[in-house]
Each structure stands twice: as C-alpha cells, then as structure tokens.
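Undergrad: For reference, this is start37.csv, and it has CSV, C-alpha atoms and all ligand atoms.
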```csv
chain,number,residue,atom,x,y,z
A,1,MET,CA,0.0,0.0,0.0
A,2,THR,CA,1.4,3.4,-1.0
A,3,THR,CA,2.3,6.0,1.6
A,4,ALA,CA,1.5,8.9,-0.7
A,5,PRO,CA,-1.5,11.1,0.3
A,6,VAL,CA,-4.7,9.3,-0.8
A,7,ILE,CA,-5.9,12.4,-2.6
A,8,ALA,CA,-3.9,15.1,-4.3
A,9,ASP,CA,-4.6,18.9,-4.0
A,10,ASN,CA,-5.6,19.0,-7.7
A,11,GLN,CA,-8.2,16.4,-7.1
A,12,VAL,CA,-9.7,18.5,-4.3
A,13,ALA,CA,-9.7,21.4,-6.7
A,14,ALA,CA,-11.4,19.3,-9.4
A,15,TYR,CA,-14.1,18.3,-6.9
A,16,ASN,CA,-14.8,21.9,-5.9
A,17,ASN,CA,-14.8,22.9,-9.6
A,18,LYS,CA,-16.8,20.1,-11.3
A,19,GLY,CA,-18.7,18.7,-8.4
A,20,TYR,CA,-17.3,15.1,-8.7
A,21,ILE,CA,-14.1,13.1,-8.9
A,22,VAL,CA,-12.9,9.6,-8.9
A,23,VAL,CA,-10.1,8.4,-6.6
A,24,GLU,CA,-8.6,5.0,-7.3
A,25,ASP,CA,-7.2,2.3,-4.9
A,26,ILE,CA,-9.3,3.3,-1.9
A,27,TYR,CA,-10.1,-0.3,-1.4
A,28,SER,CA,-7.8,-3.3,-2.0
A,29,PRO,CA,-8.8,-6.3,-4.0
A,30,ALA,CA,-9.2,-8.2,-0.7
A,31,ASP,CA,-11.5,-5.5,0.6
A,32,VAL,CA,-13.6,-5.6,-2.6
A,33,GLN,CA,-13.8,-9.4,-2.3
A,34,GLU,CA,-15.0,-9.2,1.3
A,35,MET,CA,-17.7,-6.8,0.3
A,36,ARG,CA,-18.8,-8.9,-2.7
A,37,ASP,CA,-19.0,-12.0,-0.4
A,38,ALA,CA,-21.2,-10.1,2.0
A,39,LEU,CA,-23.4,-8.9,-0.8
A,40,ASP,CA,-23.8,-12.4,-2.1
A,41,GLY,CA,-25.2,-13.4,1.2
A,42,LEU,CA,-27.7,-10.5,1.2
A,43,ILE,CA,-28.7,-11.4,-2.4
A,44,ALA,CA,-29.3,-15.0,-1.5
A,45,SER,CA,-31.8,-13.8,1.1
A,46,ALA,CA,-34.0,-12.5,-1.7
A,47,HIS,CA,-35.0,-16.1,-2.6
A,48,GLY,CA,-38.7,-16.6,-2.0
A,49,LEU,CA,-39.5,-12.9,-1.5
A,50,THR,CA,-42.7,-11.7,-3.1
A,51,ASP,CA,-42.2,-7.9,-2.3
A,52,HIS,CA,-39.6,-5.4,-1.3
A,53,THR,CA,-38.5,-5.4,2.3
A,54,ASP,CA,-36.8,-2.9,4.6
A,55,VAL,CA,-33.4,-4.2,3.3
A,56,ILE,CA,-34.0,-5.5,-0.2
A,57,ASP,CA,-35.5,-3.6,-3.2
A,58,LEU,CA,-36.4,-5.9,-6.1
A,59,GLU,CA,-36.1,-5.5,-9.8
A,60,PRO,CA,-39.5,-5.2,-11.7
A,61,ASN,CA,-38.8,-8.6,-13.3
A,62,HIS,CA,-38.0,-10.4,-10.0
A,63,THR,CA,-39.8,-13.6,-9.1
A,64,PRO,CA,-39.5,-15.6,-5.9
A,65,ASP,CA,-37.8,-18.5,-7.7
A,66,ALA,CA,-35.5,-16.3,-9.9
A,67,PRO,CA,-34.6,-13.5,-7.5
A,68,ARG,CA,-33.5,-10.2,-9.0
A,69,VAL,CA,-32.3,-7.6,-6.5
A,70,ARG,CA,-32.1,-3.9,-7.5
A,71,ARG,CA,-30.9,-2.4,-4.3
A,72,ILE,CA,-29.7,-3.3,-0.8
A,73,LYS,CA,-30.9,-0.6,1.6
A,74,GLU,CA,-28.8,0.8,4.4
A,75,PRO,CA,-25.9,-1.7,4.3
A,76,PHE,CA,-23.8,0.5,6.7
A,77,LYS,CA,-26.4,0.1,9.4
A,78,ASN,CA,-27.4,-3.4,8.6
A,79,HIS,CA,-24.2,-5.2,7.9
A,80,ASP,CA,-20.8,-5.4,9.8
A,81,VAL,CA,-18.7,-5.5,6.7
A,82,PHE,CA,-20.3,-2.4,5.1
A,83,ASN,CA,-20.1,-0.6,8.4
A,84,ARG,CA,-16.4,-1.3,8.7
A,85,MET,CA,-15.7,-0.4,5.1
A,86,GLY,CA,-17.5,2.9,5.6
A,87,ARG,CA,-14.8,3.7,8.2
A,88,HIS,CA,-11.8,2.7,6.1
A,89,PRO,CA,-8.8,4.9,6.8
A,90,ARG,CA,-8.3,5.7,3.1
A,91,LEU,CA,-11.9,6.7,2.6
A,92,ILE,CA,-11.8,8.8,5.8
A,93,ALA,CA,-8.6,10.6,4.4
A,94,VAL,CA,-10.4,11.6,1.2
A,95,LEU,CA,-13.5,12.7,3.1
A,96,THR,CA,-11.4,14.8,5.5
A,97,ALA,CA,-9.8,16.6,2.5
A,98,LEU,CA,-13.3,17.3,1.0
A,99,LEU,CA,-15.4,18.0,4.1
A,100,GLY,CA,-13.1,18.8,7.0
A,101,PRO,CA,-12.5,16.8,10.2
A,102,ALA,CA,-16.0,15.7,11.3
A,103,PHE,CA,-18.7,14.0,9.3
A,104,ARG,CA,-21.4,11.4,9.5
A,105,MET,CA,-22.9,8.6,7.4
A,106,HIS,CA,-26.5,9.7,6.9
A,107,GLY,CA,-27.5,6.9,4.5
A,108,SER,CA,-26.2,4.1,2.4
A,109,LYS,CA,-27.3,1.7,-0.3
A,110,ILE,CA,-26.0,-0.7,-2.9
A,111,ASN,CA,-27.3,-0.4,-6.4
A,112,LEU,CA,-26.7,-3.7,-8.1
A,113,LYS,CA,-27.3,-2.8,-11.7
A,114,SER,CA,-27.1,-6.4,-12.8
A,115,ALA,CA,-25.9,-7.5,-16.3
A,116,GLU,CA,-28.5,-7.4,-19.1
A,117,TYR,CA,-31.4,-5.7,-17.1
A,118,GLY,CA,-30.1,-3.5,-14.2
A,119,SER,CA,-32.4,-0.5,-13.8
A,120,PRO,CA,-31.6,3.0,-14.8
A,121,VAL,CA,-31.7,6.0,-12.4
A,122,GLU,CA,-33.3,9.1,-13.8
A,123,TRP,CA,-31.6,12.5,-13.6
A,124,HIS,CA,-31.7,14.0,-10.1
A,125,GLN,CA,-29.9,15.9,-7.4
A,126,ASP,CA,-29.5,14.2,-4.1
A,127,TRP,CA,-30.0,17.6,-2.5
A,128,ALA,CA,-33.6,17.6,-3.6
A,129,PHE,CA,-34.1,14.5,-1.4
A,130,TYR,CA,-32.2,15.7,1.6
A,131,PRO,CA,-31.5,19.4,1.9
A,132,HIS,CA,-29.2,20.4,4.7
A,133,THR,CA,-28.2,23.6,6.5
A,134,ASN,CA,-25.1,23.8,4.3
A,135,ASP,CA,-24.1,21.8,1.3
A,136,ASP,CA,-20.9,20.0,2.6
A,137,VAL,CA,-22.8,16.9,1.7
A,138,LEU,CA,-21.7,14.3,-0.8
A,139,ALA,CA,-22.1,10.7,-1.9
A,140,VAL,CA,-19.3,8.2,-2.3
A,141,GLY,CA,-19.8,5.5,-5.0
A,142,VAL,CA,-17.6,2.5,-4.1
A,143,MET,CA,-17.1,0.5,-7.3
A,144,LEU,CA,-17.5,-3.2,-6.4
A,145,ASP,CA,-17.2,-4.0,-10.1
A,146,ASP,CA,-15.2,-2.1,-12.8
A,147,MET,CA,-17.5,0.8,-13.9
A,148,THR,CA,-17.1,1.2,-17.6
A,149,GLU,CA,-18.8,3.1,-20.5
A,150,GLU,CA,-20.8,-0.1,-21.2
A,151,ASN,CA,-22.3,-1.2,-17.9
A,152,GLY,CA,-24.6,1.7,-17.0
A,153,PRO,CA,-22.0,4.0,-15.4
A,154,LEU,CA,-22.8,7.0,-13.3
A,155,LEU,CA,-23.1,10.2,-15.4
A,156,CYS,CA,-22.6,13.7,-13.8
A,157,VAL,CA,-23.2,17.1,-15.2
A,158,PRO,CA,-20.0,19.3,-14.6
A,159,GLY,CA,-20.5,22.4,-12.5
A,160,SER,CA,-24.2,21.7,-11.8
A,161,HIS,CA,-23.4,21.7,-8.0
A,162,THR,CA,-23.2,25.4,-8.1
A,163,GLY,CA,-26.5,25.9,-10.0
A,164,PRO,CA,-30.1,25.8,-9.1
A,165,THR,CA,-31.9,23.0,-7.2
A,166,TYR,CA,-34.3,21.8,-9.9
A,167,ASP,CA,-37.9,20.8,-9.4
A,168,HIS,CA,-38.2,17.1,-8.8
A,169,HIS,CA,-42.0,17.2,-8.6
A,170,GLN,CA,-44.8,16.1,-10.9
A,171,ASP,CA,-48.4,17.1,-10.6
A,172,GLY,CA,-47.6,18.7,-7.3
A,173,ARG,CA,-45.9,15.7,-5.7
A,174,PHE,CA,-42.2,14.8,-5.2
A,175,ILE,CA,-41.1,12.0,-7.5
A,176,GLY,CA,-37.3,12.3,-7.2
A,177,ALA,CA,-36.7,12.9,-10.9
A,178,MET,CA,-36.1,16.0,-12.9
A,179,ASP,CA,-37.9,16.8,-16.1
A,180,PRO,CA,-35.4,15.6,-18.7
A,181,ASP,CA,-36.5,18.4,-21.1
A,182,LEU,CA,-35.8,21.1,-18.7
A,183,PRO,CA,-33.9,23.9,-20.4
A,184,GLY,CA,-30.7,25.1,-18.8
A,185,ALA,CA,-29.8,21.9,-17.0
A,186,ASN,CA,-27.1,21.0,-19.6
A,187,LEU,CA,-27.7,17.3,-19.4
A,188,ASP,CA,-25.9,16.9,-22.8
A,189,THR,CA,-22.6,17.9,-21.1
A,190,ALA,CA,-22.8,15.0,-18.6
A,191,GLU,CA,-19.5,13.1,-18.2
A,192,THR,CA,-19.2,9.4,-17.7
A,193,ILE,CA,-17.7,8.3,-14.4
A,194,THR,CA,-15.6,5.2,-14.8
A,195,GLY,CA,-13.0,3.3,-12.7
A,196,PRO,CA,-11.7,-0.1,-11.6
A,197,ALA,CA,-13.2,-2.0,-8.8
A,198,GLY,CA,-11.9,-0.6,-5.5
A,199,ALA,CA,-12.0,3.0,-6.8
A,200,CYS,CA,-14.6,5.5,-5.5
A,201,SER,CA,-16.5,8.4,-7.0
A,202,PHE,CA,-17.3,11.4,-4.9
A,203,HIS,CA,-20.2,13.5,-6.1
A,204,HIS,CA,-21.5,16.7,-4.4
A,205,ALA,CA,-25.1,16.5,-3.2
A,206,ARG,CA,-26.2,19.2,-5.7
A,207,THR,CA,-24.5,17.6,-8.7
A,208,ILE,CA,-27.1,16.5,-11.4
A,209,HIS,CA,-26.5,12.8,-12.0
A,210,GLY,CA,-28.2,9.7,-13.3
A,211,SER,CA,-27.4,6.4,-15.1
A,212,GLY,CA,-28.8,4.3,-17.9
A,213,ARG,CA,-30.0,0.7,-17.9
A,214,ASN,CA,-27.2,-1.9,-17.9
A,215,THR,CA,-27.7,-3.8,-21.2
A,216,SER,CA,-24.1,-5.2,-21.1
A,217,GLY,CA,-23.0,-8.6,-20.1
A,218,ARG,CA,-21.2,-7.3,-16.9
A,219,SER,CA,-22.8,-6.2,-13.7
A,220,ARG,CA,-22.2,-2.7,-12.3
A,221,THR,CA,-22.4,-2.9,-8.5
A,222,LEU,CA,-22.1,0.5,-6.8
A,223,LEU,CA,-22.1,0.8,-3.0
A,224,LEU,CA,-23.2,4.4,-2.1
A,225,TYR,CA,-22.2,6.0,1.2
A,226,GLN,CA,-24.0,9.3,1.8
A,227,ILE,CA,-21.9,11.7,4.0
A,228,ALA,CA,-22.6,15.0,5.6
A,229,ALA,CA,-20.3,17.4,7.5
A,230,ALA,CA,-21.0,17.4,11.2
A,231,ASP,CA,-22.4,20.9,11.1
A,232,ALA,CA,-24.7,20.2,8.1
A,233,TRP,CA,-28.0,19.3,9.6
A,234,ASP,CA,-30.9,17.8,7.6
A,235,ILE,CA,-33.5,20.6,7.5
A,236,ARG,CA,-36.3,18.1,7.4
A,237,GLY,CA,-35.7,17.4,11.1
A,238,PHE,CA,-33.7,15.3,13.4
A,239,GLY,CA,-33.1,12.6,10.8
A,240,LYS,CA,-33.9,8.9,10.6
A,241,GLU,CA,-32.3,8.0,13.9
A,242,ALA,CA,-34.6,7.3,16.8
A,243,SER,CA,-32.3,8.7,19.5
A,244,TRP,CA,-29.3,11.0,20.1
A,245,GLU,CA,-27.2,7.8,20.7
A,246,GLU,CA,-28.2,6.4,17.3
A,247,TYR,CA,-27.4,9.8,15.7
A,248,ALA,CA,-24.0,9.9,17.4
A,249,ALA,CA,-23.2,6.4,16.1
A,250,THR,CA,-23.5,7.6,12.5
A,251,PHE,CA,-20.3,9.7,13.0
A,252,ILE,CA,-17.4,8.1,11.1
A,253,ALA,CA,-15.0,11.0,11.9
A,254,GLY,CA,-15.1,13.6,14.7
A,255,GLU,CA,-18.0,14.5,17.0
A,256,PRO,CA,-21.5,15.8,16.6
A,257,THR,CA,-22.1,19.5,17.1
A,258,LEU,CA,-25.2,21.3,18.2
A,259,GLU,CA,-24.3,24.4,16.2
A,260,PRO,CA,-25.4,23.9,12.6
A,261,ARG,CA,-23.6,26.1,10.0
A,262,LEU,CA,-26.1,27.9,7.8
A,263,ALA,CA,-24.9,28.6,4.3
A,264,PRO,CA,-26.9,29.9,1.3
A,265,ALA,CA,-27.8,27.0,-0.9
A,266,PRO,CA,-31.0,26.8,-2.9
A,267,VAL,CA,-33.4,24.4,-1.2
A,268,ARG,CA,-36.6,22.7,-2.2
A,269,LEU,CA,-38.3,20.3,0.1
A,270,PRO,CA,-39.4,16.8,-1.1
A,271,TYR,CA,-43.0,17.3,-0.1
A,272,PRO,CA,-45.7,16.1,-0.4
A,273,PRO,CA,-44.0,12.7,-0.5
A,274,PRO,CA,-44.3,10.4,-3.6
A,275,LEU,CA,-47.3,8.2,-3.9
A,276,LYS,CA,-44.8,5.3,-4.3
A,277,GLY,CA,-42.0,5.3,-1.8
A,278,GLY,CA,-39.3,2.9,-0.5
A,279,SER,CA,-36.6,3.7,-3.0
A,280,ILE,CA,-35.7,6.2,-5.7
A,281,TYR,CA,-36.6,3.5,-8.3
A,282,GLU,CA,-40.1,3.4,-7.0
A,283,SER,CA,-40.7,7.1,-6.8
A,284,GLN,CA,-39.1,7.7,-10.2
A,285,SER,CA,-41.2,4.9,-11.8
A,286,LEU,CA,-44.1,7.5,-11.5
A,287,ALA,CA,-42.3,9.9,-13.9
A,288,LYS,CA,-44.3,10.4,-17.1
A,289,LYS,CA,-41.2,11.5,-19.0
A,290,LYS,CA,-38.1,9.3,-18.8
A,291,PHE,CA,-34.7,10.1,-20.2
A,292,PHE,CA,-33.0,6.8,-19.7
A,293,GLY,CA,-35.4,4.9,-21.4
A,294,ALA,CA,-38.1,3.2,-22.2
A,295,LYS,CA,-39.9,1.2,-19.6
A,296,THR,CA,-39.3,-2.5,-19.6
A,297,ALA,CA,-42.3,-4.8,-20.2
A,298,ALA,CA,-42.4,-5.5,-16.5
A,299,GLU,CA,-42.4,-1.8,-15.3
A,301,LIG,O1,-26.6,3.8,-9.2
A,301,LIG,C1,-26.5,4.8,-9.9
A,301,LIG,O2,-26.1,4.8,-11.0
A,301,LIG,C2,-27.1,6.2,-9.4
A,301,LIG,C3,-27.3,6.1,-8.0
A,301,LIG,C4,-28.1,7.3,-7.5
A,301,LIG,O3,-27.9,8.4,-7.9
A,301,LIG,C5,-29.0,7.1,-6.4
A,301,LIG,O4,-29.3,5.9,-6.0
A,301,LIG,O5,-29.5,8.1,-5.8
```
Using structure tokens, write down the structure from this file.
Ligand SMILES: O=C(O)CCC(=O)C(=O)O
TA:
Amino acid sequence: MTTAPVIADNQVAAYNNKGYIVVEDIYSPADVQEMRDALDGLIASAHGLTDHTDVIDLEPNHTPDAPRVRRIKEPFKNHDVFNRMGRHPRLIAVLTALLGPAFRMHGSKINLKSAEYGSPVEWHQDWAFYPHTNDDVLAVGVMLDDMTEENGPLLCVPGSHTGPTYDHHQDGRFIGAMDPDLPGANLDTAETITGPAGACSFHHARTIHGSGRNTSGRSRTLLLYQIAAADAWDIRGFGKEASWEEYAATFIAGEPTLEPRLAPAPVRLPYPPPLKGGSIYESQSLAKKKFFGAKTAAE
C-alpha cells in the first residue's frame, strides 16, 4: 500500500470545480472481495421474496424463484462488513480533505445494476431528497465492479453543484426525478464516471446525475455512502435516527455539534411525498417523462 497522500490537491480542486471526482485504490482487491462475499449473502436472502423489504429492493422482473435484486438498503447500518468499510482509513482521508475533520454517514445503499437488465436511475440531485443547512454533503460511490462506459455508469453534469436546485415534482408531488426536457440543466454535457473495482467516485449532493440501464453482459455494482459534514443538519428534522445515541453512532469522523452552520444554498423540500416510496426507483417509476429509457415490459 502506498504511503503517498490518498488524494492530491488538484483532485480536491477538481471536486470543488466540477462537483465530482474519482479516486482509485481506496479499497484493496481483498476489501472488494470481502464486500462482494457479504453482498452475495444478502442477495441469497431474496430467494422466495414476493415484495420489497426494509433491506431489499427488487427489480421489476423479480420472481420468488428467480430473485433479482435492484438495491440493498442501508448496508452501513445493517451489515458489519459495510459498516467497517465505511470507516476505512483511506476513505476517511479523502472525506477529510473534501469535508473537514468531522462527518457522519447519513445513509447508504448498494445499487446492483445487474448485467442485461439492471435498472436506470433518472436525472436528479440528491440535495432535492435531503436538503441540509449547508451543502458540505456528498455521496461516495464504491465500485465493487469495474464501472465502464458499457455497464450503466454514473453520469454527472459538470458544474451543476453550483447551479439551481431543480424541481423534482410532478403534478404537485415529489417523484425524485427532474424533467429531462428542462432547459438550462445542460444534461448533454454530462460526463461518464468510470474506474476499476476498488475506486470511489465522490459527487456533491447538488450535482445532477443519473445512469442508464445496464444492457451489457457485466454487472455494475455500486455501494453508495452518503456523507454530511457534522455541522450540516438535515433541515427536514432530526433525521432517521430514533435517538441521540443512534445519531452519534453515525459519525465516522469527529464528533456531533449542536451548532449547525447555515450557508446559502437553494433548497426545495421533497413534499408532499411520492405516492410510491421505499426507494428512488419506486418514486421515479411514476415519472411520465423518462430520459433513460423506455420502460421494460415489467415496469
Ligand atoms: O446507481 C446509480 O447509477 C445512481 C445512484 C443514485 O444516484 C441514487 O441511487 O441516488
């Protein structure tokens, strides 16, 4: 393992300028294998399921006998391996460079995007789902497979993290997707985020992003860790945690503070909530206009 800094100054500058970067070699091949093994166990538990659960979100073409998992919900909270990997020293080093010394894991998920059918994610800004008192908030995409041009990679619109927060509503209700025909969002300038397994992408919560269906023969498994600076408080309220102790346990560096930092950032609240909840896939399935495609027969 190299002793060089995990992230160079020009990468920090690129993150601030574009709203996203990729840093390679955060996780070793052994780390990636450990996460894949843990994931295999979670996927196996989808056998026999007839509906989504609190942990497992199913693809539209799932059947109990031929399980097809779209997403694992909250792996950091629900699984030791993903909890430990969320505290990996190399990840913490990068997050410290981008966010400062104290931050917490406010959510996590694994988007499986399986070969041949893995679902797309429509254009959106994470900020529209969880606005905070300041925008030192980002998502880490841990590549558990190589993410390539072919297997439904993440796409990010450069500079969009300094622009408006777009409407993610339809007919007066939050659906978690932007209108793809919206003028000014510059979706045509989106860049493809690629990297080898073990690399991580870091995208700012206001960056416009999405990804297409995986029609390739290779899976694109992306573990997403959602991170907020300690002084960025979710303006929807105390958060998902039931108690102060649970909230404090989400800190992966530094300590909680009771003094939120207020910074100007355009905010829209995700209310009233979508008629279909549970995951972004469910709420976005309500969108009348889809950019990434055509619905499948099963949707
Ligand atoms: O998995 C992807 O390509 C996009 C993930 C994402 O933006 C999300 O789940 O909010």
Undergrad: Got a sec: who's within 6 Å of A:Phe103, counting only C-alpha atoms, leaving out chain neighbours fewer than 6 positions off, as JSON, numbers by chain?
TA: {"A": [228, 229, 230, 251, 253]}
Undergrad: Please return as number ranges by chain the residues found within 6 Å of ligand LIG 301 (chain A), counting all atoms listed in the file.
TA: A: 111, 121, 154, 210-211
Undergrad: Each residue of stretch 99-123 of chain A lying at most 9 Å from stretch 275-291 of chain A should get a row with its shortest atom-to-atom pair and the distance in Å to one decimal, counting all atoms listed in the file; could you produce that, ordered by chain and increasing number, as a Markdown table?
TA:
```
| residue | atom | partner | partner_atom | distance |
| --- | --- | --- | --- | --- |
| A:Ser119 | CA | A:Tyr281 | CA | 8.0 |
| A:Pro120 | CA | A:Tyr281 | CA | 8.2 |
| A:Val121 | CA | A:Tyr281 | CA | 6.9 |
| A:Glu122 | CA | A:Phe291 | CA | 6.6 |
| A:Trp123 | CA | A:Phe291 | CA | 7.7 |
```
Undergrad: Which neighbours of A:Asp9 fall inside 9 Å, counting all atoms listed in the file, when residues of the same chain fewer than 4 positions from it are skipped, and could you give them as a ChimeraX atom specification?
TA: /A:13-14,97
Undergrad: To one decimal in Å, tell me the separation between atom CA of A:Asp54 and atom CA of A:Gln226.
TA: 17.9 Å
Undergrad: Tell me, counting all atoms listed in the file, for each residue of stretch 123-240 of chain A within 10 Å of stretch 30-37 of chain A, which pair of atoms is nearest and how far apart they are in Å to one decimal, in rows ordered by chain and increasing number, as CSV.
TA:
```
residue,atom,partner,partner_atom,distance
A:Val142,CA,A:Val32,CA,9.2
A:Met143,CA,A:Val32,CA,8.5
A:Leu144,CA,A:Val32,CA,6.0
A:Asp145,CA,A:Val32,CA,8.5
A:Ala197,CA,A:Val32,CA,7.2
A:Gly198,CA,A:Val32,CA,6.0
A:Ala199,CA,A:Val32,CA,9.7
A:Thr221,CA,A:Arg36,CA,9.1
A:Leu223,CA,A:Met35,CA,9.4
```
Undergrad: Selected residues, C-alpha atoms, written as a PDB file, keeping the file's coordinate frame, please.
TA:
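Result went into result_36.pdb, see below:
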```pdb
ATOM      1  CA  VAL A 142     -17.600   2.500  -4.100  1.00  0.00           C
ATOM      2  CA  MET A 143     -17.100   0.500  -7.300  1.00  0.00           C
ATOM      3  CA  LEU A 144     -17.500  -3.200  -6.400  1.00  0.00           C
ATOM      4  CA  ASP A 145     -17.200  -4.000 -10.100  1.00  0.00           C
ATOM      5  CA  ALA A 197     -13.200  -2.000  -8.800  1.00  0.00           C
ATOM      6  CA  GLY A 198     -11.900  -0.600  -5.500  1.00  0.00           C
ATOM      7  CA  ALA A 199     -12.000   3.000  -6.800  1.00  0.00           C
ATOM      8  CA  THR A 221     -22.400  -2.900  -8.500  1.00  0.00           C
ATOM      9  CA  LEU A 223     -22.100   0.800  -3.000  1.00  0.00           C
TER      10      LEU A 223
END
```
Undergrad: Using all atoms listed in the file, which residue out of A:Ala265, A:Ala248, A:Ala205, A:Val137 lies closest to A:Trp233?
TA: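 Using all atoms listed in the file, A:Trp233 sits closest to A:Val137.
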Undergrad: Restricting the calculation to all atoms listed in the file: of A:Ala139, A:Ile43, A:Leu222, A:Leu187, which residue gets closest to A:Ile110?
TA: A:Leu222
Undergrad: Quick one: distance from atom CA of A:Pro67 to atom CA of A:Asn214 in Å, one decimal?
TA: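 Pair atom CA of A:Pro67 / atom CA of A:Asn214 returns 17.2 Å.
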Undergrad: State, in Å with one decimal place, the distance from atom CA of A:Gly141 to atom CA of A:Ile208.
TA: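 According to the coordinates, atom CA of A:Gly141 and atom CA of A:Ile208 are separated by 14.7 Å.
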Undergrad: I need the residue nearest A:Gly184 from this list: A:Thr63, A:Thr165, A:Thr215, A:Thr53. Use only C-alpha atoms for the distance.
TA: A:Thr165
Undergrad: Is it possible to get the residues within 8 Å of (-14.2, 3.9, -15.1) (coordinates as in the file, counting only C-alpha atoms) written as a list in words?
TA: Asp146, Met147, Thr148, Glu149, Pro153, Thr192, Ile193, Thr194, Gly195 and Pro196 of chain A
Undergrad: Find the spatial neighbours of A:Ala263, counting all atoms listed in the file, within a cut-off of 8 Å - ignore same-chain residues fewer than 4 positions away - and output them as a PyMOL selection string.
TA: chain A and resi 133-135
Undergrad: Between A:Leu138, A:His168, A:Leu182, A:Trp244, single out the one closest to A:Leu98, counting only C-alpha atoms.
TA: A:Leu138
Undergrad: Which is closest to A:Leu155 among A:His106, A:His209, A:His169, A:Arg87, if we use all atoms listed in the file?
TA: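 For A:Leu155, the nearest of the given residues is A:His209.
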Undergrad: Using only C-alpha atoms, which of the listed residues (A:Met178, A:Ala185, A:Ala38, A:Ile72) sits closest to A:Ser160?
TA: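 Among the listed residues, A:Ala185 lies closest to A:Ser160.
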Undergrad: Hey, can you pull every residue with an atom no more than 8 Å from (-28.9, -9.4, -1.5), using only C-alpha atoms, and send it as a PyMOL selection string?
TA: chain A and resi 39-46+56+69+71-72
